[in-house]
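Novice: Starting off with a structure, shown below.
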Amino acid sequence: MAMDKRIKGKINSIMEDKPNITVDELIEIVKKYIAKPDTNKLIQQEYRRITQRLMASYRDEQGVRECFSVKTDTGSLYVNISSTKDKGDLQKIRQQLSKKYRGLNKSLKKIDIREQILNGQIEMNENNWREEEVN
């Protein structure tokens, strides 16, 4: 289901004025614009969420995650990277992790800049944020 643009607009408007928002406040906004969900669909989603959490917690002796989801023509497939022989699956997982890594790194850099601003180490200006978006 695509997100109603009005929801995103309302949330963006709030976040421009406030530094944070509670989950309960967000839920109330969503309730205004989204129809009541189908109970059977919610049940299936909950089972899927539990399954995903279970598989994400599957780790080796050193605590390193071993199973990752890969999209296939027929749906999703969990792959154990320690035992698979499919190089294509490993490449798909590498791409997923690389994309997440790049996104998280950008967020960490933005946090570093914000902390420097709050500590008075650098002055706050639009260029601080723009430089990091390019990198």
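Scheme for the structure tokens: letters A, B, ... for chains in order shown; per-chain residue numbers from 1; ligand numbers from 1 in order shown.
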Within 12 Å of Thr72 in chain A, counting only C-alpha atoms, which residues qualify if same-chain residues fewer than 3 places away don't, as a CSV table (one decimal) with N, CA, C and O atoms, in the first residue's frame?
Specialist:
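result18.csv was written with the following content:
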chain,number,residue,atom,x,y,z
A,69,SER,N,17.3,-12.4,3.6
A,69,SER,CA,16.3,-12.6,2.6
A,69,SER,C,16.7,-12.1,1.3
A,69,SER,O,17.4,-11.1,1.1
A,75,GLY,N,8.8,-15.0,-4.8
A,75,GLY,CA,8.7,-14.4,-3.5
A,75,GLY,C,10.1,-14.2,-2.8
A,75,GLY,O,11.0,-13.9,-3.5
A,76,SER,N,10.1,-14.4,-1.5
A,76,SER,CA,11.4,-14.2,-0.8
A,76,SER,C,11.9,-15.6,-0.4
A,76,SER,O,11.1,-16.5,-0.1
A,77,LEU,N,13.2,-15.6,-0.3
A,77,LEU,CA,13.9,-16.8,0.1
A,77,LEU,C,15.0,-16.5,1.1
A,77,LEU,O,15.7,-15.5,0.9
A,78,TYR,N,15.1,-17.2,2.2
A,78,TYR,CA,16.1,-16.9,3.2
A,78,TYR,C,17.3,-17.8,2.8
A,78,TYR,O,17.2,-19.0,2.5
A,79,VAL,N,18.5,-17.1,2.8
A,79,VAL,CA,19.7,-17.8,2.4
A,79,VAL,C,20.7,-17.8,3.6
A,79,VAL,O,21.0,-16.7,4.2
A,88,GLY,N,25.1,-15.9,-7.0
A,88,GLY,CA,24.1,-14.9,-7.3
A,88,GLY,C,23.4,-14.4,-6.0
A,88,GLY,O,23.2,-13.2,-5.9
A,89,ASP,N,23.0,-15.3,-5.2
A,89,ASP,CA,22.3,-15.0,-3.9
A,89,ASP,C,23.3,-14.1,-3.0
A,89,ASP,O,22.9,-13.1,-2.4
A,92,LYS,N,23.4,-10.6,-4.4
A,92,LYS,CA,22.2,-9.9,-4.0
A,92,LYS,C,22.3,-9.4,-2.6
A,92,LYS,O,22.0,-8.3,-2.2
Novice: Which polymer residues have any atom within 9 Å of an atom of Cys67 in chain A, counting only C-alpha atoms, with same-chain residues fewer than 3 positions away left out, as a short mmCIF file (atom, residue, chain, number, x, y, z; two decimals) with N, CA and C atoms, in the first residue's frame?
Specialist:
data_model
loop_
_atom_site.label_atom_id
_atom_site.label_comp_id
_atom_site.auth_asym_id
_atom_site.auth_seq_id
_atom_site.Cartn_x
_atom_site.Cartn_y
_atom_site.Cartn_z
N MET A 55 14.53 -15.02 11.74
CA MET A 55 15.61 -15.27 10.79
C MET A 55 16.74 -14.25 10.94
N ALA A 56 16.40 -13.01 11.29
CA ALA A 56 17.44 -12.00 11.50
C ALA A 56 18.28 -12.31 12.74
N SER A 57 17.73 -13.08 13.66
CA SER A 57 18.46 -13.41 14.88
C SER A 57 19.32 -14.67 14.72
N TYR A 58 19.25 -15.32 13.57
CA TYR A 58 20.02 -16.53 13.31
C TYR A 58 21.49 -16.14 13.10
N ARG A 59 22.35 -16.53 14.03
CA ARG A 59 23.75 -16.09 14.01
C ARG A 59 24.71 -17.25 14.22
N TYR A 78 15.07 -17.19 2.23
CA TYR A 78 16.15 -16.94 3.19
C TYR A 78 17.35 -17.79 2.82
N VAL A 79 18.51 -17.13 2.81
CA VAL A 79 19.75 -17.78 2.40
C VAL A 79 20.72 -17.75 3.57
N ASN A 80 21.31 -18.92 3.89
CA ASN A 80 22.36 -19.02 4.89
C ASN A 80 23.68 -18.77 4.15
N ILE A 81 24.31 -17.64 4.44
CA ILE A 81 25.51 -17.27 3.69
C ILE A 81 26.70 -18.18 3.99
N SER A 82 26.64 -18.92 5.08
CA SER A 82 27.73 -19.83 5.42
C SER A 82 27.65 -21.15 4.68
#
Novice: Between A:Met3, A:Leu108, A:Met124, A:Leu97, which has the minimum distance to Ala35 in chain A (counting only C-alpha atoms)?
Specialist: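 Checking each candidate against Ala35 in chain A, we get A:Met3 as the closest.
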Novice: Could you find all residues in chain A that DSSP calls strand (DSSP E) from the backbone, and write them as a ChimeraX atom specification?
Specialist: /A:67-72,75-80
Novice: Those selected residues, please, written with all heavy atoms and delivered as an mmCIF file, in the first residue's frame.
Specialist:
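This is the output file again-v1.cif:
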data_model
loop_
_atom_site.group_PDB
_atom_site.id
_atom_site.type_symbol
_atom_site.label_atom_id
_atom_site.label_comp_id
_atom_site.auth_asym_id
_atom_site.auth_seq_id
_atom_site.Cartn_x
_atom_site.Cartn_y
_atom_site.Cartn_z
ATOM 1 N N CYS A 67 21.700 -15.486 8.092
ATOM 2 C CA CYS A 67 20.592 -15.646 7.147
ATOM 3 C C CYS A 67 20.050 -14.306 6.705
ATOM 4 O O CYS A 67 19.792 -13.422 7.519
ATOM 5 C CB CYS A 67 19.471 -16.478 7.772
ATOM 6 S SG CYS A 67 19.914 -18.194 7.970
ATOM 7 N N PHE A 68 19.874 -14.172 5.395
ATOM 8 C CA PHE A 68 19.359 -12.952 4.795
ATOM 9 C C PHE A 68 18.302 -13.301 3.760
ATOM 10 O O PHE A 68 18.385 -14.340 3.098
ATOM 11 C CB PHE A 68 20.492 -12.163 4.131
ATOM 12 C CG PHE A 68 21.502 -11.655 5.108
ATOM 13 C CD1 PHE A 68 22.584 -12.445 5.470
ATOM 14 C CD2 PHE A 68 21.379 -10.393 5.672
ATOM 15 C CE1 PHE A 68 23.517 -11.989 6.384
ATOM 16 C CE2 PHE A 68 22.313 -9.940 6.591
ATOM 17 C CZ PHE A 68 23.383 -10.738 6.941
ATOM 18 N N SER A 69 17.347 -12.407 3.601
ATOM 19 C CA SER A 69 16.277 -12.593 2.637
ATOM 20 C C SER A 69 16.718 -12.130 1.258
ATOM 21 O O SER A 69 17.354 -11.090 1.115
ATOM 22 C CB SER A 69 15.053 -11.789 3.085
ATOM 23 O OG SER A 69 14.023 -11.898 2.141
ATOM 24 N N VAL A 70 16.363 -12.923 0.265
ATOM 25 C CA VAL A 70 16.656 -12.588 -1.140
ATOM 26 C C VAL A 70 15.348 -12.680 -1.908
ATOM 27 O O VAL A 70 14.589 -13.632 -1.743
ATOM 28 C CB VAL A 70 17.693 -13.585 -1.729
ATOM 29 C CG1 VAL A 70 17.888 -13.358 -3.212
ATOM 30 C CG2 VAL A 70 19.008 -13.493 -0.988
ATOM 31 N N LYS A 71 15.073 -11.673 -2.725
ATOM 32 C CA LYS A 71 13.865 -11.700 -3.544
ATOM 33 C C LYS A 71 14.079 -12.619 -4.735
ATOM 34 O O LYS A 71 15.120 -12.613 -5.367
ATOM 35 C CB LYS A 71 13.520 -10.305 -4.022
ATOM 36 C CG LYS A 71 13.237 -9.344 -2.888
ATOM 37 C CD LYS A 71 12.080 -8.446 -3.195
ATOM 38 C CE LYS A 71 11.836 -7.422 -2.125
ATOM 39 N NZ LYS A 71 11.483 -7.894 -0.853
ATOM 40 N N THR A 72 13.054 -13.451 -5.023
ATOM 41 C CA THR A 72 13.082 -14.340 -6.180
ATOM 42 C C THR A 72 11.843 -14.081 -7.010
ATOM 43 O O THR A 72 10.989 -13.275 -6.632
ATOM 44 C CB THR A 72 13.098 -15.819 -5.734
ATOM 45 O OG1 THR A 72 11.855 -16.116 -5.100
ATOM 46 C CG2 THR A 72 14.246 -16.110 -4.779
ATOM 47 N N GLY A 75 8.840 -15.022 -4.803
ATOM 48 C CA GLY A 75 8.702 -14.434 -3.472
ATOM 49 C C GLY A 75 10.056 -14.213 -2.844
ATOM 50 O O GLY A 75 11.035 -13.918 -3.521
ATOM 51 N N SER A 76 10.124 -14.374 -1.542
ATOM 52 C CA SER A 76 11.385 -14.205 -0.822
ATOM 53 C C SER A 76 11.907 -15.552 -0.358
ATOM 54 O O SER A 76 11.141 -16.463 -0.075
ATOM 55 C CB SER A 76 11.187 -13.296 0.392
ATOM 56 O OG SER A 76 10.897 -11.991 -0.015
ATOM 57 N N LEU A 77 13.220 -15.624 -0.273
ATOM 58 C CA LEU A 77 13.902 -16.848 0.119
ATOM 59 C C LEU A 77 14.976 -16.460 1.130
ATOM 60 O O LEU A 77 15.706 -15.488 0.918
ATOM 61 C CB LEU A 77 14.551 -17.467 -1.127
ATOM 62 C CG LEU A 77 15.445 -18.660 -0.966
ATOM 63 C CD1 LEU A 77 14.592 -19.889 -0.642
ATOM 64 C CD2 LEU A 77 16.222 -18.904 -2.258
ATOM 65 N N TYR A 78 15.073 -17.188 2.231
ATOM 66 C CA TYR A 78 16.145 -16.937 3.189
ATOM 67 C C TYR A 78 17.348 -17.786 2.819
ATOM 68 O O TYR A 78 17.222 -18.979 2.546
ATOM 69 C CB TYR A 78 15.697 -17.227 4.624
ATOM 70 C CG TYR A 78 14.928 -16.076 5.203
ATOM 71 C CD1 TYR A 78 13.550 -16.055 5.161
ATOM 72 C CD2 TYR A 78 15.596 -14.974 5.738
ATOM 73 C CE1 TYR A 78 12.837 -14.980 5.663
ATOM 74 C CE2 TYR A 78 14.893 -13.899 6.249
ATOM 75 C CZ TYR A 78 13.521 -13.901 6.209
ATOM 76 O OH TYR A 78 12.828 -12.835 6.700
ATOM 77 N N VAL A 79 18.507 -17.131 2.812
ATOM 78 C CA VAL A 79 19.746 -17.781 2.401
ATOM 79 C C VAL A 79 20.724 -17.755 3.570
ATOM 80 O O VAL A 79 20.968 -16.701 4.163
ATOM 81 C CB VAL A 79 20.367 -17.053 1.187
ATOM 82 C CG1 VAL A 79 21.712 -17.650 0.816
ATOM 83 C CG2 VAL A 79 19.410 -17.071 0.003
ATOM 84 N N ASN A 80 21.308 -18.921 3.886
ATOM 85 C CA ASN A 80 22.359 -19.020 4.887
ATOM 86 C C ASN A 80 23.677 -18.774 4.153
ATOM 87 O O ASN A 80 24.110 -19.599 3.347
ATOM 88 C CB ASN A 80 22.344 -20.393 5.544
ATOM 89 C CG ASN A 80 23.361 -20.502 6.653
ATOM 90 O OD1 ASN A 80 24.400 -19.847 6.636
ATOM 91 N ND2 ASN A 80 23.068 -21.344 7.629
#
Novice: Using DSSP on the backbone coordinates, identify the residues of chain A assigned to helix (DSSP H, G or I); present them as a VMD selection string.
Specialist: chain A and resid 5 to 17 23 to 33 39 to 56 87 to 118 126 to 134
Novice: For CA of Arg65 in chain A and CA of Asp86 in chain A, determine how far apart the two atoms are, in Å to one decimal place.
Specialist: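 Separation of CA of Arg65 in chain A and CA of Asp86 in chain A: 17.8 Å.
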Novice: Can you measure CA of Arg102 in chain A to CA of Arg114 in chain A for me? One decimal in Å is fine.
Specialist: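 Straight-line distance from CA of Arg102 in chain A to CA of Arg114 in chain A works out to 18.6 Å.
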Novice: Please identify all polymer residues within 10 Å of range 19-28 of chain A, counting only C-alpha atoms, omitting same-chain residues fewer than 5 positions from it, and present them as a compact mmCIF listing (two decimals) with all heavy atoms, in the first residue's frame.
Specialist:
# COMPACT_ATOMS: atom_id res chain seq x y z
N ILE A 7 -0.39 12.23 4.44
CA ILE A 7 0.25 11.79 5.69
C ILE A 7 1.68 12.29 5.74
O ILE A 7 2.12 12.89 6.72
CB ILE A 7 0.23 10.26 5.84
CG1 ILE A 7 -1.21 9.75 5.91
CG2 ILE A 7 1.02 9.82 7.06
CD1 ILE A 7 -1.32 8.23 5.85
N LYS A 10 1.83 16.06 6.22
CA LYS A 10 1.51 16.45 7.59
C LYS A 10 2.70 16.17 8.52
O LYS A 10 3.08 17.02 9.33
CB LYS A 10 0.27 15.68 8.07
CG LYS A 10 -0.15 15.96 9.48
CD LYS A 10 -0.81 17.31 9.59
CE LYS A 10 -1.39 17.48 11.00
NZ LYS A 10 -1.83 18.81 11.25
N ILE A 11 3.29 15.00 8.38
CA ILE A 11 4.44 14.63 9.22
C ILE A 11 5.63 15.53 8.92
O ILE A 11 6.30 16.02 9.84
CB ILE A 11 4.79 13.14 9.05
CG1 ILE A 11 3.65 12.28 9.63
CG2 ILE A 11 6.12 12.80 9.73
CD1 ILE A 11 3.75 10.81 9.31
N ILE A 14 5.09 18.85 10.61
CA ILE A 14 5.32 18.77 12.06
C ILE A 14 6.82 18.71 12.36
O ILE A 14 7.32 19.40 13.24
CB ILE A 14 4.59 17.55 12.66
CG1 ILE A 14 3.08 17.77 12.62
CG2 ILE A 14 5.06 17.29 14.10
CD1 ILE A 14 2.26 16.54 12.96
N TYR A 33 -6.12 9.35 7.90
CA TYR A 33 -6.06 9.24 6.44
C TYR A 33 -6.17 7.83 5.89
O TYR A 33 -6.37 7.65 4.70
CB TYR A 33 -4.75 9.87 5.94
CG TYR A 33 -4.63 11.34 6.26
CD1 TYR A 33 -3.84 11.78 7.32
CD2 TYR A 33 -5.32 12.28 5.51
CE1 TYR A 33 -3.73 13.13 7.61
CE2 TYR A 33 -5.22 13.64 5.80
CZ TYR A 33 -4.42 14.04 6.85
OH TYR A 33 -4.32 15.38 7.14
